[in-house]
file protein_0.csv (CSV, C-alpha atoms)
chain,number,residue,atom,x,y,z
A,288,MET,CA,7.5,-138.1,38.2
A,289,SER,CA,4.8,-136.0,36.5
A,290,ALA,CA,5.4,-133.2,34.0
A,291,GLU,CA,4.0,-130.6,36.5
A,292,ALA,CA,6.4,-131.7,39.3
A,293,SER,CA,9.3,-131.6,36.8
A,294,ALA,CA,8.5,-128.1,35.7
A,295,GLY,CA,8.2,-126.9,39.4
A,296,SER,CA,11.6,-128.3,40.3
A,297,VAL,CA,13.2,-126.6,37.3
A,298,ALA,CA,11.6,-123.2,38.3
A,299,ALA,CA,12.8,-123.7,41.8
A,300,ALA,CA,16.3,-124.4,40.7
A,301,SER,CA,16.3,-121.3,38.5
A,302,ILE,CA,15.2,-119.1,41.4
A,303,LEU,CA,17.9,-120.6,43.6
A,304,ALA,CA,20.5,-119.9,40.9
A,305,THR,CA,19.3,-116.3,40.6
A,306,GLN,CA,19.5,-115.7,44.3
A,307,SER,CA,22.9,-117.3,44.7
A,308,SER,CA,24.3,-115.2,41.8
A,309,GLY,CA,22.7,-112.1,43.4
A,310,GLN,CA,24.3,-112.8,46.7
A,311,GLY,CA,27.7,-113.1,45.0
A,312,SER,CA,27.4,-109.7,43.2
A,313,GLU,CA,24.6,-107.1,43.6
A,314,GLU,CA,25.4,-105.3,40.4
A,315,LYS,CA,27.1,-106.3,37.2
A,316,GLY,CA,28.2,-104.6,34.1
A,317,VAL,CA,26.9,-105.8,30.8
A,318,GLY,CA,28.8,-105.0,27.6
A,319,GLY,CA,26.5,-106.7,25.1
A,320,GLY,CA,23.7,-104.3,25.6
A,321,LEU,CA,20.0,-105.1,25.8
A,322,ALA,CA,19.4,-106.2,22.3
A,323,GLY,CA,18.2,-109.6,23.3
A,324,SER,CA,15.4,-108.2,25.6
A,325,LYS,CA,12.1,-106.7,24.6
A,326,TYR,CA,11.3,-104.9,27.9
A,327,VAL,CA,13.6,-102.8,30.0
A,328,LYS,CA,13.4,-101.9,33.7
A,329,LEU,CA,15.2,-98.6,34.4
A,330,ASN,CA,16.2,-97.3,37.9
A,331,VAL,CA,17.1,-93.7,37.4
A,332,GLY,CA,18.3,-92.3,40.7
A,333,GLY,CA,15.6,-94.3,42.5
A,334,SER,CA,12.9,-93.4,40.1
A,335,LEU,CA,11.6,-96.6,38.4
A,336,HIS,CA,10.5,-96.8,34.8
A,337,TYR,CA,9.3,-99.7,32.6
A,338,THR,CA,9.6,-99.4,28.8
A,339,THR,CA,10.7,-101.3,25.7
A,340,VAL,CA,14.0,-101.5,23.8
A,341,GLN,CA,12.1,-100.2,20.7
A,342,THR,CA,11.2,-97.0,22.5
A,343,LEU,CA,14.8,-96.4,23.8
A,344,SER,CA,16.2,-97.0,20.3
A,345,LYS,CA,14.0,-94.5,18.4
A,346,GLU,CA,16.6,-91.7,18.5
A,347,ASP,CA,20.4,-91.8,18.1
A,348,SER,CA,21.1,-91.3,21.8
A,349,LEU,CA,22.9,-92.7,24.8
A,350,LEU,CA,19.8,-94.8,25.4
A,351,ARG,CA,20.1,-96.5,22.0
A,352,SER,CA,23.8,-97.1,22.6
A,353,MET,CA,22.8,-98.9,25.9
A,354,CYS,CA,20.5,-101.1,23.9
A,355,ASN,CA,22.8,-102.1,21.1
A,356,GLY,CA,25.9,-102.6,23.2
A,357,GLY,CA,27.6,-99.3,22.3
A,358,ALA,CA,27.6,-98.3,26.0
A,359,GLU,CA,28.1,-100.4,29.1
A,360,VAL,CA,25.0,-101.1,31.1
A,361,THR,CA,24.9,-101.7,34.9
A,362,ILE,CA,22.2,-104.1,36.1
A,363,ASP,CA,21.4,-104.8,39.7
A,364,SER,CA,20.5,-108.1,41.3
A,365,GLU,CA,16.8,-107.7,40.5
A,366,GLY,CA,17.3,-107.0,36.8
A,367,TRP,CA,17.0,-103.2,36.9
A,368,VAL,CA,19.2,-101.1,34.7
A,369,VAL,CA,20.8,-98.6,37.0
A,370,LEU,CA,21.4,-95.0,35.8
A,371,ASP,CA,23.3,-92.7,38.1
A,372,ARG,CA,21.2,-89.6,37.3
A,373,CYS,CA,18.4,-87.6,39.0
A,374,GLY,CA,15.1,-89.2,37.9
A,375,ARG,CA,13.0,-86.1,38.3
A,376,HIS,CA,12.8,-85.4,34.6
A,377,PHE,CA,13.5,-88.8,33.2
A,378,GLY,CA,9.8,-89.5,32.7
A,379,LEU,CA,9.7,-86.4,30.4
A,380,VAL,CA,12.7,-87.6,28.4
A,381,LEU,CA,11.1,-91.1,28.1
A,382,ASN,CA,7.7,-89.6,26.9
A,383,PHE,CA,9.6,-87.6,24.3
A,384,MET,CA,11.2,-90.8,23.1
A,385,ARG,CA,7.7,-92.4,22.8
A,386,ASP,CA,5.8,-89.6,21.2
A,387,GLY,CA,8.4,-87.3,19.6
A,388,SER,CA,7.0,-84.2,21.5
A,389,VAL,CA,6.2,-83.4,25.0
A,390,PRO,CA,4.9,-80.4,27.0
A,391,LEU,CA,7.7,-78.6,28.7
A,392,PRO,CA,7.6,-76.9,32.1
A,393,GLU,CA,7.0,-73.1,32.2
A,394,SER,CA,9.6,-72.5,34.9
A,395,HIS,CA,12.9,-71.3,33.4
A,396,ARG,CA,14.9,-73.2,36.0
A,397,GLU,CA,13.1,-76.5,35.4
A,398,LEU,CA,13.5,-76.0,31.7
A,399,GLU,CA,17.2,-75.7,32.2
A,400,GLU,CA,17.2,-78.9,34.2
A,401,VAL,CA,15.4,-80.8,31.4
A,402,LEU,CA,17.9,-79.4,28.9
A,403,LYS,CA,20.8,-80.7,31.0
A,404,GLU,CA,19.2,-84.2,31.1
A,405,ALA,CA,18.5,-84.1,27.3
A,406,GLN,CA,22.1,-83.2,26.7
A,407,TYR,CA,23.4,-86.0,28.9
A,408,TYR,CA,21.2,-88.6,27.2
A,409,ARG,CA,22.1,-87.0,23.8
A,410,VAL,CA,18.4,-86.8,22.7
A,411,GLN,CA,18.9,-84.1,20.1
A,412,GLY,CA,15.3,-83.6,19.4
A,413,LEU,CA,14.5,-82.7,23.0
A,414,VAL,CA,17.6,-80.5,23.2
A,415,GLN,CA,16.3,-78.5,20.2
A,416,HIS,CA,12.8,-78.4,21.8
A,417,CYS,CA,14.1,-77.0,25.0
A,418,THR,CA,16.4,-74.5,23.3
A,419,SER,CA,13.5,-73.2,21.2
A,420,ALA,CA,11.3,-72.8,24.3
A,421,MET,CA,14.0,-71.0,26.2
A,422,GLN,CA,14.5,-68.5,23.3
A,423,LYS,CA,10.7,-67.8,23.3
A,424,GLN,CA,10.9,-67.1,27.0
A,425,ARG,CA,13.7,-64.7,26.5
A,426,ASP,CA,11.8,-62.9,23.7
A,427,VAL,CA,8.7,-62.6,25.9
A,428,TYR,CA,10.8,-61.4,28.9
A,429,GLU,CA,12.5,-58.7,26.8
A,430,GLY,CA,9.2,-57.4,25.5
A,431,VAL,CA,7.7,-57.0,29.0
A,432,CYS,CA,8.4,-53.8,30.9
A,433,ARG,CA,8.3,-54.4,34.7
A,434,ILE,CA,7.9,-51.3,37.0
A,435,PRO,CA,8.9,-51.9,40.6
A,436,MET,CA,6.7,-50.1,43.2
A,437,ILE,CA,8.6,-48.6,46.2
A,438,THR,CA,7.2,-49.3,49.6
A,439,SER,CA,9.9,-48.0,51.9
A,440,THR,CA,12.9,-45.6,51.9
A,441,LYS,CA,15.2,-48.5,52.8
A,442,GLU,CA,14.0,-50.5,49.8
A,443,GLU,CA,14.5,-47.5,47.5
A,444,GLN,CA,18.1,-47.0,48.6
A,445,ARG,CA,18.9,-50.6,48.2
A,446,MET,CA,17.4,-50.7,44.8
A,447,ILE,CA,19.2,-47.6,43.6
A,448,ASN,CA,22.6,-48.5,45.1
A,449,THR,CA,22.6,-52.1,43.7
A,450,CYS,CA,21.2,-51.2,40.2
A,451,ARG,CA,23.8,-50.9,37.4
A,452,LYS,CA,21.4,-49.1,35.2
A,453,PRO,CA,20.4,-45.4,35.4
A,454,VAL,CA,17.2,-45.0,37.5
A,455,VAL,CA,14.2,-42.8,36.9
A,456,LYS,CA,11.7,-42.5,39.7
A,457,LEU,CA,8.3,-40.9,39.6
A,458,GLN,CA,6.9,-39.9,43.0
A,459,ASN,CA,3.1,-39.8,42.6
A,460,ASN,CA,0.9,-39.2,45.6
A,461,ARG,CA,-2.2,-37.2,44.8
A,462,GLY,CA,-3.6,-37.5,48.3
A,463,ASN,CA,-0.6,-35.7,49.9
A,464,ASN,CA,-2.2,-32.3,49.6
A,465,LYS,CA,-3.9,-30.0,52.1
A,466,TYR,CA,-5.3,-27.6,49.5
A,467,SER,CA,-7.7,-28.1,46.6
A,468,TYR,CA,-6.3,-28.6,43.1
A,469,THR,CA,-6.6,-26.2,40.2
A,470,SER,CA,-8.7,-27.2,37.2
A,471,ASN,CA,-5.9,-28.6,35.1
A,472,SER,CA,-4.0,-30.4,37.8
A,473,ASP,CA,-5.7,-33.7,37.4
A,474,ASP,CA,-5.1,-33.7,33.7
A,475,ASN,CA,-1.5,-32.8,34.1
A,476,LEU,CA,-1.0,-35.5,36.8
A,477,LEU,CA,-2.3,-38.1,34.4
A,478,LYS,CA,-0.1,-36.7,31.6
A,479,ASN,CA,3.0,-37.2,33.9
A,480,ILE,CA,1.9,-40.8,34.6
A,481,GLU,CA,1.3,-41.5,30.9
A,482,LEU,CA,4.8,-40.0,30.0
A,483,PHE,CA,6.3,-42.3,32.6
A,484,ASP,CA,4.8,-45.3,31.0
A,485,LYS,CA,5.9,-44.3,27.6
A,486,LEU,CA,9.4,-43.7,28.7
A,487,GLY,CA,9.5,-47.0,30.5
A,488,LEU,CA,8.5,-48.8,27.3
A,489,ARG,CA,10.9,-46.8,25.1
A,490,PHE,CA,14.0,-47.3,27.3
A,491,ASN,CA,13.1,-50.7,28.6
A,492,GLY,CA,16.2,-52.7,29.4
A,493,ARG,CA,18.4,-49.6,29.5
A,494,VAL,CA,16.9,-47.6,32.4
A,495,LEU,CA,15.2,-48.9,35.5
A,496,PHE,CA,11.9,-47.0,36.0
A,497,VAL,CA,10.3,-47.2,39.5
A,498,LYS,CA,7.2,-45.7,41.1
A,499,ASP,CA,6.9,-44.2,44.5
A,500,VAL,CA,3.4,-43.7,46.0
A,501,LEU,CA,4.5,-43.1,49.6
A,502,GLY,CA,6.7,-40.0,49.3
A,503,ASP,CA,6.0,-36.4,50.4
A,504,GLU,CA,5.7,-34.9,47.0
A,505,ILE,CA,2.6,-34.9,44.9
A,506,CYS,CA,4.4,-35.3,41.5
A,507,CYS,CA,8.1,-35.3,41.3
A,508,TRP,CA,10.7,-36.9,39.0
A,509,SER,CA,14.1,-38.1,40.2
A,510,PHE,CA,17.0,-39.2,38.1
A,511,TYR,CA,19.8,-41.4,39.4
A,512,GLY,CA,23.1,-42.6,38.0
A,513,GLU,CA,25.8,-44.7,39.6
A,514,GLY,CA,23.8,-44.9,42.8
A,515,ARG,CA,23.4,-41.1,43.4
A,516,LYS,CA,20.8,-38.6,42.5
A,517,ILE,CA,21.7,-36.5,39.4
A,518,ALA,CA,18.6,-34.4,38.9
A,519,GLU,CA,15.1,-33.7,40.1
A,520,VAL,CA,12.1,-32.2,38.4
A,521,CYS,CA,9.3,-31.2,40.8
A,522,CYS,CA,5.9,-30.6,39.0
A,523,THR,CA,3.9,-29.0,41.8
A,524,SER,CA,3.4,-25.4,42.9
A,525,ILE,CA,1.2,-23.5,45.3
A,526,VAL,CA,-1.2,-20.9,43.9
A,527,TYR,CA,-2.0,-18.0,46.2
A,528,ALA,CA,-5.4,-16.9,45.0
A,529,THR,CA,-7.4,-14.0,46.4
A,530,GLU,CA,-9.4,-16.2,48.9
A,531,LYS,CA,-7.7,-19.6,49.2
A,532,LYS,CA,-4.6,-21.4,48.3
A,533,GLN,CA,-4.5,-24.1,45.6
A,534,THR,CA,-2.1,-26.7,44.5
A,535,LYS,CA,-1.2,-26.7,40.8
A,536,VAL,CA,0.4,-29.7,39.0
A,537,GLU,CA,2.5,-28.9,35.9
A,538,PHE,CA,3.5,-31.1,33.0
A,539,PRO,CA,7.1,-30.0,31.9
A,540,GLU,CA,7.3,-32.7,29.2
A,541,ALA,CA,10.3,-31.3,27.4
A,542,ARG,CA,12.4,-31.0,30.6
A,543,ILE,CA,11.5,-34.5,31.8
A,544,PHE,CA,12.4,-36.0,28.4
A,545,GLU,CA,15.7,-34.0,28.4
A,546,GLU,CA,16.7,-35.3,31.8
A,547,THR,CA,15.8,-38.9,30.8
A,548,LEU,CA,18.2,-38.6,27.8
A,549,ASN,CA,20.9,-37.0,30.1
A,550,ILE,CA,20.7,-39.9,32.5
A,551,LEU,CA,21.7,-42.3,29.6
A,552,ILE,CA,25.2,-41.0,30.0
A,553,TYR,CA,25.4,-43.2,33.1
A,554,GLU,CA,24.5,-46.3,31.2
A,555,ASN,CA,27.2,-49.0,31.6
A,556,GLY,CA,29.2,-46.6,33.9
A,557,ARG,CA,29.9,-44.2,31.1
A,558,GLY,CA,29.1,-41.2,33.2
A,559,SER,CA,31.9,-41.7,35.7
A,560,GLY,CA,34.4,-39.8,33.6
A,561,PRO,CA,34.8,-36.0,33.7
A,562,GLY,CA,33.1,-35.6,30.4
A,563,GLY,CA,29.9,-37.1,31.6
A,564,VAL,CA,29.5,-34.8,34.5
A,565,ALA,CA,30.5,-31.8,32.5
A,566,LEU,CA,27.8,-32.6,29.9
A,567,LEU,CA,25.1,-33.0,32.5
A,568,GLU,CA,26.1,-29.7,34.3
A,569,SER,CA,26.1,-27.8,31.0
A,570,SER,CA,22.4,-28.0,30.4
A,571,SER,CA,20.3,-24.9,31.1
A,572,PRO,CA,16.7,-24.8,32.5
A,573,GLY,CA,13.7,-23.4,30.8
A,574,ALA,CA,12.4,-19.9,31.0
A,575,SER,CA,9.7,-20.7,33.6
A,576,GLN,CA,11.8,-22.9,35.8
A,577,SER,CA,14.5,-22.3,38.4
A,578,GLU,CA,17.6,-24.3,39.4
A,579,GLU,CA,18.9,-24.8,42.9
A,580,GLU,CA,22.4,-26.1,43.0
A,581,GLY,CA,24.9,-26.7,45.8
A,582,ALA,CA,27.2,-23.9,46.9
A,583,SER,CA,30.4,-25.9,46.4
A,584,ALA,CA,31.5,-26.0,42.7
A,585,GLY,CA,33.8,-29.0,43.4
A,586,ASP,CA,31.0,-31.2,44.7
A,587,ARG,CA,28.8,-33.4,42.5
A,588,ARG,CA,25.6,-31.4,42.5
A,589,VAL,CA,22.0,-32.4,42.1
A,590,ARG,CA,20.1,-30.3,39.6
A,591,ARG,CA,16.7,-29.5,41.2
A,592,ILE,CA,14.4,-28.1,38.7
A,593,HIS,CA,11.1,-26.7,40.0
A,594,VAL,CA,8.2,-25.2,38.2
A,595,ARG,CA,6.8,-21.9,39.4
A,596,ARG,CA,6.7,-22.7,43.1
A,597,HIS,CA,4.7,-19.7,44.4
A,598,ILE,CA,2.1,-17.9,42.3
A,599,MET,CA,0.2,-14.9,43.6
A,600,HIS,CA,-2.8,-13.5,41.6
A,601,ASP,CA,-2.8,-9.7,41.4
A,602,GLU,CA,-5.9,-8.2,43.0
A,603,ARG,CA,-6.0,-5.3,40.6
A,604,GLY,CA,-8.6,-4.7,38.0
A,605,HIS,CA,-9.3,-7.9,36.1
A,606,GLY,CA,-7.4,-10.1,38.5
A,607,GLN,CA,-5.8,-12.1,35.7
A,608,GLN,CA,-2.3,-10.7,36.0
A,609,THR,CA,0.1,-12.9,38.0
A,610,VAL,CA,3.3,-12.2,40.0
A,611,TYR,CA,5.8,-15.0,40.4
A,612,LYS,CA,7.7,-15.2,43.6
A,613,ASP,CA,10.8,-17.3,44.3

call {"tool": "encode", "arguments": {"input": "protein_0.csv", "output": "structure tokens"}}
result
Amino acid sequence: MSAEASAGSVAAASILATQSSGQGSEEKGVGGGLAGSKYVKLNVGGSLHYTTVQTLSKEDSLLRSMCNGGAEVTIDSEGWVVLDRCGRHFGLVLNFMRDGSVPLPESHRELEEVLKEAQYYRVQGLVQHCTSAMQKQRDVYEGVCRIPMITSTKEEQRMINTCRKPVVKLQNNRGNNKYSYTSNSDDNLLKNIELFDKLGLRFNGRVLFVKDVLGDEICCWSFYGEGRKIAEVCCTSIVYATEKKQTKVEFPEARIFEETLNILIYENGRGSGPGGVALLESSSPGASQSEEEGASAGDRRVRRIHVRRHIMHDERGHGQQTVYKD
């Protein structure tokens, strides 16, 4: 018999032995590890990976324990090391073992999934990498001020009722006007918007600031606590001039800032006690503003603060004197 025929019969016998052993047991546990092998085939939840023992042994992890016999290894009939884990992020774990660093997903949810896998495999370098990336995401999130835009009354009610923070709403609708504006109205309207942005940045995380561009008012501030309206500051008035009516937009900066500070009483539910309500009701309006409150003293009332609502120019002499009508 030639040497080639002898080698062929030996190979055939080896294949038959492998098949017969596979038929007897599809999977087997190996306690001695993979130290005698150079290459490793990994089946992680159906995701197949091919790597070396050297790569798996780079860090003190579960994968190294599998290689040196510190952890039991399950091998199927085809020689694949079976790991009962989701294989979605195992390629990322493996690349970190190869290179020592790896780009992480931007999604917070996916980042948490990678962290869970890194913790399971005990790859401490990747755990620290994920933890650092998540901390950076939290820092960026806290530094960003997001202002929701209201598109419907139903959405507004749901947002206010479910929010645990105090709410400040600016209703801004310049087009909702049938008269012309006075000369300073546009500047004052912009000042109201700028103040809204400044307050949103200053009290970011403590107060929810929302914008409403679909309401009936041209410029109106509303303040909510515990799901109900606490105060309202309307910044528009009608000027009855000698020949035509005009709409005037005011900028009561001090009053708006005061109401924003007052609404902080309702932060973390602190305004639910009698002291919180009493403190809010004790504030007094400015000299050029009027308050309209409910008739019942026992009810929780809404402070509605309006600027000079109706202004009539006196037609005498110089025409500069004004009469204010409520």

call {"tool": "atom_distance", "arguments": {"input": "protein_0.csv", "atom1": "atom CA of A:Arg493", "atom2": "atom CA of A:Asp426"}}
result
15.9 Å

call {"tool": "residues_around", "arguments": {"input": "protein_0.csv", "residues": "A:Leu413", "least_positions_apart": "2", "cutoff": "12 Å", "atoms": "all atoms listed in the file", "output": "PDB file with C-alpha atoms, keeping the file's coordinate frame"}}
result
ATOM      1  CA  GLU A 346      16.600 -91.700  18.500  1.00  0.00           C
ATOM      2  CA  ASP A 347      20.400 -91.800  18.100  1.00  0.00           C
ATOM      3  CA  SER A 348      21.100 -91.300  21.800  1.00  0.00           C
ATOM      4  CA  PHE A 377      13.500 -88.800  33.200  1.00  0.00           C
ATOM      5  CA  LEU A 379       9.700 -86.400  30.400  1.00  0.00           C
ATOM      6  CA  VAL A 380      12.700 -87.600  28.400  1.00  0.00           C
ATOM      7  CA  LEU A 381      11.100 -91.100  28.100  1.00  0.00           C
ATOM      8  CA  ASN A 382       7.700 -89.600  26.900  1.00  0.00           C
ATOM      9  CA  PHE A 383       9.600 -87.600  24.300  1.00  0.00           C
ATOM     10  CA  MET A 384      11.200 -90.800  23.100  1.00  0.00           C
ATOM     11  CA  ARG A 385       7.700 -92.400  22.800  1.00  0.00           C
ATOM     12  CA  ASP A 386       5.800 -89.600  21.200  1.00  0.00           C
ATOM     13  CA  GLY A 387       8.400 -87.300  19.600  1.00  0.00           C
ATOM     14  CA  SER A 388       7.000 -84.200  21.500  1.00  0.00           C
ATOM     15  CA  VAL A 389       6.200 -83.400  25.000  1.00  0.00           C
ATOM     16  CA  PRO A 390       4.900 -80.400  27.000  1.00  0.00           C
ATOM     17  CA  LEU A 391       7.700 -78.600  28.700  1.00  0.00           C
ATOM     18  CA  LEU A 398      13.500 -76.000  31.700  1.00  0.00           C
ATOM     19  CA  GLU A 399      17.200 -75.700  32.200  1.00  0.00           C
ATOM     20  CA  VAL A 401      15.400 -80.800  31.400  1.00  0.00           C
ATOM     21  CA  LEU A 402      17.900 -79.400  28.900  1.00  0.00           C
ATOM     22  CA  LYS A 403      20.800 -80.700  31.000  1.00  0.00           C
ATOM     23  CA  GLU A 404      19.200 -84.200  31.100  1.00  0.00           C
ATOM     24  CA  ALA A 405      18.500 -84.100  27.300  1.00  0.00           C
ATOM     25  CA  GLN A 406      22.100 -83.200  26.700  1.00  0.00           C
ATOM     26  CA  TYR A 407      23.400 -86.000  28.900  1.00  0.00           C
ATOM     27  CA  TYR A 408      21.200 -88.600  27.200  1.00  0.00           C
ATOM     28  CA  ARG A 409      22.100 -87.000  23.800  1.00  0.00           C
ATOM     29  CA  VAL A 410      18.400 -86.800  22.700  1.00  0.00           C
ATOM     30  CA  GLN A 411      18.900 -84.100  20.100  1.00  0.00           C
ATOM     31  CA  GLN A 415      16.300 -78.500  20.200  1.00  0.00           C
ATOM     32  CA  HIS A 416      12.800 -78.400  21.800  1.00  0.00           C
ATOM     33  CA  CYS A 417      14.100 -77.000  25.000  1.00  0.00           C
ATOM     34  CA  THR A 418      16.400 -74.500  23.300  1.00  0.00           C
ATOM     35  CA  SER A 419      13.500 -73.200  21.200  1.00  0.00           C
ATOM     36  CA  ALA A 420      11.300 -72.800  24.300  1.00  0.00           C
TER      37      ALA A 420
END

call {"tool": "residues_around", "arguments": {"input": "protein_0.csv", "residues": "A:Val455", "least_positions_apart": "5", "cutoff": "6 Å", "atoms": "all atoms listed in the file", "output": "PDB file with C-alpha atoms, in the coordinates of the input"}}
result
ATOM      1  CA  PHE A 496      11.900 -47.000  36.000  1.00  0.00           C
ATOM      2  CA  SER A 509      14.100 -38.100  40.200  1.00  0.00           C
ATOM      3  CA  PHE A 510      17.000 -39.200  38.100  1.00  0.00           C
TER       4      PHE A 510
END

call {"tool": "atom_distance", "arguments": {"input": "protein_0.csv", "atom1": "atom CA of A:Lys345", "atom2": "atom CA of A:Glu365"}}
result
25.9 Å

call {"tool": "closest_residue", "arguments": {"input": "protein_0.csv", "among": "A:Leu350, A:Ala358, A:Ile437, A:Val327", "to": "A:Val497", "atoms": "only C-alpha atoms"}}
result
A:Ile437

call {"tool": "atom_distance", "arguments": {"input": "protein_0.csv", "atom1": "atom CA of A:Thr523", "atom2": "atom CA of A:Val536"}}
result
4.5 Å

call {"tool": "closest_residue", "arguments": {"input": "protein_0.csv", "among": "A:Cys450, A:Leu329, A:Cys354, A:Leu343", "to": "A:Trp367", "atoms": "only C-alpha atoms"}}
result
A:Leu329

call {"tool": "residues_around", "arguments": {"input": "protein_0.csv", "residues": "A:Ile434", "least_positions_apart": "3", "cutoff": "12 Å", "atoms": "all atoms listed in the file", "output": "PyMOL selection string"}}
result
chain A and resi 431+437+454-457+483-488+491-492+494-499

call {"tool": "closest_residue", "arguments": {"input": "protein_0.csv", "among": "A:Val520, A:Pro539, A:Val526, A:Lys452", "to": "A:Ile552", "atoms": "all atoms listed in the file"}}
result
A:Lys452

call {"tool": "residues_around", "arguments": {"input": "protein_0.csv", "residues": "A:Arg451", "least_positions_apart": "5", "cutoff": "10 Å", "atoms": "all atoms listed in the file", "output": "MDAnalysis selection string"}}
result
chainID A and resid 446 493:495 512:514 553:556

call {"tool": "write_last_selection", "arguments": {"input": "protein_0.csv", "atoms": "C-alpha atoms", "output": "JSON list (two decimals), in the coordinates of the input"}}
result
[["chain", "number", "residue", "atom", "x", "y", "z"],
["A", 446, "MET", "CA", 17.40, -50.70, 44.80],
["A", 493, "ARG", "CA", 18.40, -49.60, 29.50],
["A", 494, "VAL", "CA", 16.90, -47.60, 32.40],
["A", 495, "LEU", "CA", 15.20, -48.90, 35.50],
["A", 512, "GLY", "CA", 23.10, -42.60, 38.00],
["A", 513, "GLU", "CA", 25.80, -44.70, 39.60],
["A", 514, "GLY", "CA", 23.80, -44.90, 42.80],
["A", 553, "TYR", "CA", 25.40, -43.20, 33.10],
["A", 554, "GLU", "CA", 24.50, -46.30, 31.20],
["A", 555, "ASN", "CA", 27.20, -49.00, 31.60],
["A", 556, "GLY", "CA", 29.20, -46.60, 33.90]]

call {"tool": "residues_around", "arguments": {"input": "protein_0.csv", "residues": "A:Tyr466", "least_positions_apart": "2", "cutoff": "8 Å", "atoms": "all atoms listed in the file", "output": "tab-separated table (two decimals) with C-alpha atoms, keeping the file's coordinate frame"}}
result
chain	number	residue	atom	x	y	z
A	464	ASN	CA	-2.20	-32.30	49.60
A	468	TYR	CA	-6.30	-28.60	43.10
A	532	LYS	CA	-4.60	-21.40	48.30
A	533	GLN	CA	-4.50	-24.10	45.60
A	534	THR	CA	-2.10	-26.70	44.50

call {"tool": "closest_residue", "arguments": {"input": "protein_0.csv", "among": "A:Lys478, A:Arg591, A:Arg515, A:Arg489", "to": "A:Arg445", "atoms": "all atoms listed in the file"}}
result
A:Arg515

call {"tool": "closest_residue", "arguments": {"input": "protein_0.csv", "among": "A:Trp508, A:Ile517, A:Thr440, A:Gln341", "to": "A:Leu551", "atoms": "all atoms listed in the file"}}
result
A:Ile517

call {"tool": "decode", "arguments": {"input": "protein_0.csv", "residues": "stretch 490-503 of chain A", "atoms": "C-alpha atoms", "output": "PDB file, in the first residue's frame"}}
result
ATOM      1  CA  PHE A 490     -33.466  77.522  35.750  1.00  0.00           C
ATOM      2  CA  ASN A 491     -32.754  74.605  33.418  1.00  0.00           C
ATOM      3  CA  GLY A 492     -33.527  71.324  35.171  1.00  0.00           C
ATOM      4  CA  ARG A 493     -35.679  72.995  37.836  1.00  0.00           C
ATOM      5  CA  VAL A 494     -38.468  74.513  35.743  1.00  0.00           C
ATOM      6  CA  LEU A 495     -40.015  73.306  32.499  1.00  0.00           C
ATOM      7  CA  PHE A 496     -40.201  76.166  29.972  1.00  0.00           C
ATOM      8  CA  VAL A 497     -42.575  75.757  27.015  1.00  0.00           C
ATOM      9  CA  LYS A 498     -43.522  77.966  24.081  1.00  0.00           C
ATOM     10  CA  ASP A 499     -46.988  78.358  22.612  1.00  0.00           C
ATOM     11  CA  VAL A 500     -47.306  79.945  19.166  1.00  0.00           C
ATOM     12  CA  LEU A 501     -50.919  78.917  18.515  1.00  0.00           C
ATOM     13  CA  GLY A 502     -52.758  80.704  21.340  1.00  0.00           C
ATOM     14  CA  ASP A 503     -55.065  83.702  21.215  1.00  0.00           C
TER      15      ASP A 503
END
